[in-house]
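The structure file coords_31.csv is reproduced below (CSV, C-alpha atoms).
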```
chain,number,residue,atom,x,y,z
A,1,MET,CA,0.0,0.0,0.0
A,2,THR,CA,1.4,3.4,-0.9
A,3,GLU,CA,1.2,6.5,1.2
A,4,GLN,CA,-1.2,8.1,-1.3
A,5,PHE,CA,-3.5,5.1,-1.3
A,6,ILE,CA,-3.7,5.2,2.5
A,7,LEU,CA,-4.4,9.0,2.5
A,8,ASP,CA,-7.1,8.6,-0.2
A,9,LEU,CA,-8.6,5.7,1.7
A,10,ILE,CA,-8.8,7.8,4.9
A,11,ASN,CA,-10.3,10.8,3.1
A,12,SER,CA,-12.9,8.6,1.4
A,13,PHE,CA,-13.7,6.8,4.7
A,14,ASP,CA,-14.1,10.1,6.5
A,15,LYS,CA,-16.7,11.3,4.0
A,16,SER,CA,-18.6,8.0,4.2
A,17,THR,CA,-21.1,6.9,6.8
A,18,LEU,CA,-19.3,3.6,7.5
A,19,ALA,CA,-18.4,2.8,11.1
A,20,SER,CA,-15.4,0.7,10.2
A,21,ILE,CA,-13.7,-1.0,7.2
A,22,ASP,CA,-11.0,-3.6,6.8
A,23,ILE,CA,-9.0,-3.6,3.5
A,24,ASN,CA,-6.7,-6.4,2.4
A,25,GLN,CA,-4.4,-5.6,-0.6
A,26,GLY,CA,-1.3,-7.5,-1.7
A,27,GLY,CA,-0.9,-9.2,1.7
A,28,ASP,CA,-1.2,-5.9,3.6
A,29,THR,CA,-4.2,-5.2,5.9
A,30,ILE,CA,-5.5,-1.8,7.1
A,31,SER,CA,-8.4,-1.2,9.4
A,32,LEU,CA,-10.2,2.1,9.8
A,33,LYS,CA,-12.7,2.7,12.6
A,34,ARG,CA,-14.7,5.9,13.2
A,35,MET,CA,-14.1,7.4,16.6
A,36,GLU,CA,-15.6,10.5,18.2
A,37,GLY,CA,-13.9,13.5,16.5
A,38,GLY,CA,-12.4,11.6,13.5
A,39,VAL,CA,-10.9,8.5,12.1
A,40,VAL,CA,-8.3,6.2,13.6
A,41,VAL,CA,-6.0,4.1,11.4
A,42,SER,CA,-5.0,0.9,13.0
A,43,ASN,CA,-3.8,-2.6,12.4
A,44,VAL,CA,-1.5,-2.0,9.4
A,45,VAL,CA,-0.1,-5.5,8.9
A,46,PRO,CA,2.6,-5.7,6.1
A,47,ALA,CA,3.2,-9.0,4.3
A,48,VAL,CA,6.9,-8.3,4.3
A,49,ALA,CA,9.2,-5.8,6.1
A,50,PRO,CA,7.9,-2.5,4.8
A,51,SER,CA,9.8,0.8,4.2
A,52,VAL,CA,6.8,2.7,5.6
A,53,VAL,CA,4.3,2.1,8.4
A,54,ALA,CA,1.0,4.1,9.0
A,55,THR,CA,0.5,5.4,12.5
A,56,PRO,CA,-2.8,6.4,14.1
A,57,VAL,CA,-3.9,10.0,13.8
A,58,VAL,CA,-7.0,11.5,15.3
A,59,PRO,CA,-8.0,15.0,14.2
A,60,VAL,CA,-8.6,17.6,16.9
A,61,ALA,CA,-11.6,19.3,15.3
A,62,GLU,CA,-14.7,17.4,14.4
A,63,ASN,CA,-14.6,18.7,10.8
A,64,ALA,CA,-10.9,18.3,10.3
A,65,VAL,CA,-9.6,16.1,7.5
A,66,PRO,CA,-7.7,13.2,8.9
A,67,VAL,CA,-4.2,12.5,7.7
A,68,ALA,CA,-2.1,9.4,8.2
A,69,GLU,CA,1.5,10.2,9.2
A,70,VAL,CA,3.9,7.9,7.4
A,71,VAL,CA,7.1,7.2,9.2
A,72,SER,CA,10.1,5.4,7.7
A,73,ASN,CA,11.7,2.7,9.8
A,74,PRO,CA,14.9,4.2,11.2
A,75,VAL,CA,18.0,2.1,11.3
A,76,ALA,CA,19.4,2.1,14.8
A,77,THR,CA,22.9,3.4,15.1
A,78,LYS,CA,25.6,1.9,17.3
A,79,ALA,CA,25.4,4.9,19.6
A,80,ASP,CA,21.6,4.3,20.2
A,81,GLU,CA,22.0,0.6,21.1
A,82,ASN,CA,22.7,1.6,24.7
A,83,LEU,CA,19.8,4.1,24.8
A,84,VAL,CA,16.8,2.3,26.3
A,85,ASP,CA,13.4,3.2,27.6
A,86,ILE,CA,12.4,2.4,31.2
A,87,LYS,CA,8.6,1.7,31.0
A,88,SER,CA,5.9,1.8,33.6
A,89,PRO,CA,5.0,-1.6,35.0
A,90,ILE,CA,1.6,-0.4,36.1
A,91,VAL,CA,-1.1,2.2,35.5
A,92,GLY,CA,-0.7,5.0,38.0
A,93,THR,CA,0.3,8.5,38.9
A,94,PHE,CA,3.9,9.4,38.3
A,95,TYR,CA,5.8,11.3,41.1
A,96,ARG,CA,9.5,12.3,40.8
A,97,ALA,CA,10.0,12.5,44.6
A,98,PRO,CA,9.0,10.5,47.6
A,99,SER,CA,7.1,13.6,49.0
A,100,PRO,CA,6.1,17.0,47.7
A,101,ASP,CA,8.9,18.8,49.7
A,102,ALA,CA,11.6,16.2,49.0
A,103,PRO,CA,14.1,16.5,46.1
A,104,SER,CA,13.5,14.4,43.0
A,105,TYR,CA,15.0,10.9,42.9
A,106,VAL,CA,16.8,11.7,39.5
A,107,GLU,CA,17.3,14.5,37.1
A,108,VAL,CA,18.4,14.5,33.4
A,109,GLY,CA,22.1,13.7,33.5
A,110,SER,CA,21.9,11.7,36.8
A,111,ASN,CA,24.1,8.6,37.1
A,112,VAL,CA,22.0,5.7,38.3
A,113,LYS,CA,22.9,2.2,39.5
A,114,LYS,CA,20.7,-0.9,39.0
A,115,GLY,CA,18.1,-1.0,41.8
A,116,GLN,CA,18.3,2.7,42.5
A,117,PRO,CA,14.8,4.4,42.9
A,118,LEU,CA,13.8,6.5,40.0
A,119,CYS,CA,10.3,7.6,40.8
A,120,ILE,CA,7.1,6.7,42.7
A,121,LEU,CA,4.0,5.2,40.8
A,122,GLU,CA,0.8,5.6,42.8
A,123,ALA,CA,-1.9,3.1,42.1
A,124,MET,CA,-5.0,2.7,44.2
A,125,LYS,CA,-3.4,4.7,47.1
A,126,LEU,CA,-0.4,2.4,47.1
A,127,MET,CA,3.0,3.9,46.5
A,128,ASN,CA,5.2,1.8,44.3
A,129,THR,CA,8.9,2.6,43.8
A,130,LEU,CA,10.2,2.1,40.2
A,131,GLU,CA,13.9,1.2,40.3
A,132,ALA,CA,16.6,1.4,37.6
A,133,GLU,CA,16.9,-1.7,35.6
A,134,TYR,CA,20.5,-0.8,34.4
A,135,ASP,CA,23.5,1.2,35.5
A,136,GLY,CA,23.6,4.3,33.3
A,137,VAL,CA,22.8,8.0,32.8
A,138,ILE,CA,19.3,9.5,32.7
A,139,GLU,CA,19.0,11.0,29.2
A,140,GLU,CA,15.4,12.1,29.3
A,141,ILE,CA,12.4,12.2,31.6
A,142,LEU,CA,9.4,11.6,29.4
A,143,VAL,CA,6.5,12.5,31.7
A,144,GLN,CA,5.7,15.4,34.1
A,145,ASN,CA,5.3,15.1,37.9
A,146,GLY,CA,1.6,14.2,38.6
A,147,ASP,CA,0.9,12.7,35.2
A,148,LEU,CA,-1.1,9.6,34.8
A,149,VAL,CA,1.0,6.9,33.1
A,150,GLU,CA,-0.2,3.8,31.3
A,151,PHE,CA,1.1,0.2,31.6
A,152,ASP,CA,4.2,-0.1,29.4
A,153,GLN,CA,4.4,3.6,28.8
A,154,PRO,CA,8.1,4.9,28.5
A,155,ILE,CA,8.9,7.1,31.5
A,156,PHE,CA,12.7,7.5,31.2
A,157,LYS,CA,15.3,7.2,28.6
A,158,ILE,CA,18.5,5.8,30.1
A,159,ARG,CA,21.9,5.4,28.4
A,160,LYS,CA,23.2,2.1,29.7
A,161,ASN,CA,26.9,2.0,30.7
A,162,ALA,CA,28.8,-0.2,28.3
```

Using the file provided, produce a representation of the structure as structure tokens.
Amino acid sequence: MTEQFILDLINSFDKSTLASIDINQGGDTISLKRMEGGVVVSNVVPAVAPSVVATPVVPVAENAVPVAEVVSNPVATKADENLVDIKSPIVGTFYRAPSPDAPSYVEVGSNVKKGQPLCILEAMKLMNTLEAEYDGVIEEILVQNGDLVEFDQPIFKIRKNA
């Protein structure tokens, strides 16, 4: 499926009254489902390793024209092999410190050791400490203090020590 085919399909689907549609073409499958406020593109399943993949896009305005963003598959460089995500093991509220008046567990650039506390995840009034999975350096903190995080959502980017 070409990028233009996907864009045309989304545009036609948006103008129709269909609730959902599944298209199989040349071994590729694409599913479109109407959601409140627009169209969601999902389940793009290529027959072979593709050079492009459609990602979901939901328009903000009700009358906006949906557009599928096509992203090429990046080739990982050797420098990025040690850059990994630390993901949330649960759904909960993210806190950078053990209490509102305490300093944050880590900042961008902090050196961390395996087992060191990184944050608190509150779920159902239980405070769960998320610990570092690797020795390394915090490269990025992907969520803000007090944000709700989902299961398996990346929270930190850490560069593992070699």

Could you list, as a list in words, every residue within 12 Å of Arg159 of chain A, counting only C-alpha atoms and ignoring same-chain residues fewer than 3 positions away?
Ala79, Asp80, Glu81, Asn82, Leu83, Val84, Asp85, Ile86, Val108, Gly109, Ser110, Asn111, Val112, Lys113, Ala132, Glu133, Tyr134, Asp135, Gly136, Val137, Ile138, Glu139, Glu140, Phe156 and Ala162 of chain A

Write a file of the just-selected residues containing C-alpha atoms, as a PDB file, in the coordinates of the input.
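Result went into out_17.pdb, see below:
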```pdb
ATOM      1  CA  ALA A  79      25.400   4.900  19.600  1.00  0.00           C
ATOM      2  CA  ASP A  80      21.600   4.300  20.200  1.00  0.00           C
ATOM      3  CA  GLU A  81      22.000   0.600  21.100  1.00  0.00           C
ATOM      4  CA  ASN A  82      22.700   1.600  24.700  1.00  0.00           C
ATOM      5  CA  LEU A  83      19.800   4.100  24.800  1.00  0.00           C
ATOM      6  CA  VAL A  84      16.800   2.300  26.300  1.00  0.00           C
ATOM      7  CA  ASP A  85      13.400   3.200  27.600  1.00  0.00           C
ATOM      8  CA  ILE A  86      12.400   2.400  31.200  1.00  0.00           C
ATOM      9  CA  VAL A 108      18.400  14.500  33.400  1.00  0.00           C
ATOM     10  CA  GLY A 109      22.100  13.700  33.500  1.00  0.00           C
ATOM     11  CA  SER A 110      21.900  11.700  36.800  1.00  0.00           C
ATOM     12  CA  ASN A 111      24.100   8.600  37.100  1.00  0.00           C
ATOM     13  CA  VAL A 112      22.000   5.700  38.300  1.00  0.00           C
ATOM     14  CA  LYS A 113      22.900   2.200  39.500  1.00  0.00           C
ATOM     15  CA  ALA A 132      16.600   1.400  37.600  1.00  0.00           C
ATOM     16  CA  GLU A 133      16.900  -1.700  35.600  1.00  0.00           C
ATOM     17  CA  TYR A 134      20.500  -0.800  34.400  1.00  0.00           C
ATOM     18  CA  ASP A 135      23.500   1.200  35.500  1.00  0.00           C
ATOM     19  CA  GLY A 136      23.600   4.300  33.300  1.00  0.00           C
ATOM     20  CA  VAL A 137      22.800   8.000  32.800  1.00  0.00           C
ATOM     21  CA  ILE A 138      19.300   9.500  32.700  1.00  0.00           C
ATOM     22  CA  GLU A 139      19.000  11.000  29.200  1.00  0.00           C
ATOM     23  CA  GLU A 140      15.400  12.100  29.300  1.00  0.00           C
ATOM     24  CA  PHE A 156      12.700   7.500  31.200  1.00  0.00           C
ATOM     25  CA  ALA A 162      28.800  -0.200  28.300  1.00  0.00           C
TER      26      ALA A 162
END
```

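Relative to atom CA of Asp152 of chain A, atom CA of Ile23 of chain A is found at 29.3 Å.
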
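Candidate residues A:Ile10, A:Leu148, A:Leu126, A:Val143 were compared for distance to Gly92 of chain A, and the nearest is A:Leu148, using all atoms listed in the file.
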
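Take the candidates A:Val149, A:Met127, A:Ile120, A:Ile158 and check each one against Ala97 of chain A using only C-alpha atoms; the shortest distance goes to A:Ile120.
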
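Across the model, the gap from atom CA of Asp147 of chain A to atom CA of Lys114 of chain A is 24.3 Å.
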
Which residue gives the smallest distance to Ile141 of chain A among A:Asp14, A:Asp28, A:Glu3, A:Glu107, with all atoms listed in the file counted?
A:Glu107

Quick one: distance from atom CA of Ile6 of chain A to atom CA of Asn24 of chain A in Å, one decimal?
12.0 Å

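Close contacts of Asn128 of chain A, defined as residues with an atom at most 10 Å away when counting all atoms listed in the file, with chain neighbours fewer than 4 positions off set aside, comprise A:Pro89, A:Ile90, A:Gly92, A:Thr93, A:Phe94, A:Cys119, A:Ile120, A:Leu121, A:Glu122, A:Ala123.
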
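Of the listed residues (A:Leu142, A:Ile21, A:Met124, A:Leu130), A:Leu130 comes nearest to Tyr105 of chain A; the distances count all atoms listed in the file.
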
Smallest atom-to-atom distance to Gln153 of chain A: which of A:Thr2, A:Gln116, A:Ser88, A:Ser99, using only C-alpha atoms?
A:Ser88

A:Gly26, A:Leu7, A:Lys160, A:Tyr95: which is nearest Gly146 of chain A, counting all atoms listed in the file?
A:Tyr95

Since the input lacks atoms, please generate N, CA, C and O atoms for segment 82-102 of chain A and provide them as a tab-separated table (two decimals), keeping the file's coordinate frame.
```tsv
chain	number	residue	atom	x	y	z
A	82	ASN	N	22.65	1.55	23.22
A	82	ASN	CA	22.70	1.60	24.70
A	82	ASN	C	21.62	2.54	25.25
A	82	ASN	O	21.47	2.64	26.46
A	83	LEU	N	20.86	3.24	24.39
A	83	LEU	CA	19.80	4.10	24.80
A	83	LEU	C	18.50	3.32	24.91
A	83	LEU	O	18.01	2.84	23.89
A	84	VAL	N	17.97	3.12	26.11
A	84	VAL	CA	16.80	2.30	26.30
A	84	VAL	C	15.72	3.03	27.07
A	84	VAL	O	16.01	3.98	27.80
A	85	ASP	N	14.48	2.60	26.89
A	85	ASP	CA	13.40	3.20	27.60
A	85	ASP	C	13.16	2.36	28.92
A	85	ASP	O	13.26	1.13	28.92
A	86	ILE	N	12.85	3.06	29.99
A	86	ILE	CA	12.40	2.40	31.20
A	86	ILE	C	10.87	2.68	31.21
A	86	ILE	O	10.43	3.84	31.18
A	87	LYS	N	10.07	1.61	31.21
A	87	LYS	CA	8.60	1.70	31.00
A	87	LYS	C	7.90	1.47	32.36
A	87	LYS	O	8.39	0.77	33.23
A	88	SER	N	6.70	2.01	32.43
A	88	SER	CA	5.90	1.80	33.60
A	88	SER	C	5.35	0.40	33.68
A	88	SER	O	4.76	-0.09	32.73
A	89	PRO	N	5.53	-0.27	34.81
A	89	PRO	CA	5.00	-1.60	35.00
A	89	PRO	C	3.53	-1.66	35.33
A	89	PRO	O	2.91	-2.72	35.34
A	90	ILE	N	2.95	-0.48	35.63
A	90	ILE	CA	1.60	-0.40	36.10
A	90	ILE	C	0.91	0.88	35.56
A	90	ILE	O	1.60	1.79	35.11
A	91	VAL	N	-0.39	0.97	35.68
A	91	VAL	CA	-1.10	2.20	35.50
A	91	VAL	C	-1.12	2.95	36.79
A	91	VAL	O	-1.41	2.37	37.82
A	92	GLY	N	-0.74	4.23	36.76
A	92	GLY	CA	-0.70	5.00	38.00
A	92	GLY	C	-0.30	6.40	37.79
A	92	GLY	O	-0.11	6.86	36.67
A	93	THR	N	-0.13	7.12	38.90
A	93	THR	CA	0.30	8.50	38.90
A	93	THR	C	1.78	8.57	39.13
A	93	THR	O	2.28	7.95	40.07
A	94	PHE	N	2.49	9.32	38.27
A	94	PHE	CA	3.90	9.40	38.30
A	94	PHE	C	4.35	10.56	39.27
A	94	PHE	O	3.85	11.68	39.16
A	95	TYR	N	5.25	10.26	40.21
A	95	TYR	CA	5.80	11.30	41.10
A	95	TYR	C	7.34	11.16	41.06
A	95	TYR	O	7.89	10.07	41.19
A	96	ARG	N	8.01	12.28	40.88
A	96	ARG	CA	9.50	12.30	40.80
A	96	ARG	C	10.16	12.21	42.13
A	96	ARG	O	11.36	11.91	42.18
A	97	ALA	N	9.44	12.48	43.23
A	97	ALA	CA	10.00	12.50	44.60
A	97	ALA	C	9.19	11.71	45.54
A	97	ALA	O	7.99	11.50	45.30
A	98	PRO	N	9.77	11.30	46.66
A	98	PRO	CA	9.00	10.50	47.60
A	98	PRO	C	7.94	11.36	48.37
A	98	PRO	O	7.00	10.80	48.91
A	99	SER	N	8.10	12.69	48.40
A	99	SER	CA	7.10	13.60	49.00
A	99	SER	C	7.18	14.93	48.29
A	99	SER	O	8.20	15.24	47.66
A	100	PRO	N	6.13	15.75	48.42
A	100	PRO	CA	6.10	17.00	47.70
A	100	PRO	C	7.30	17.96	48.05
A	100	PRO	O	7.76	18.72	47.21
A	101	ASP	N	7.80	17.89	49.28
A	101	ASP	CA	8.90	18.80	49.70
A	101	ASP	C	10.27	18.16	49.56
A	101	ASP	O	11.27	18.80	49.85
A	102	ALA	N	10.34	16.92	49.11
A	102	ALA	CA	11.60	16.20	49.00
A	102	ALA	C	12.20	16.46	47.57
A	102	ALA	O	11.47	16.72	46.62
```
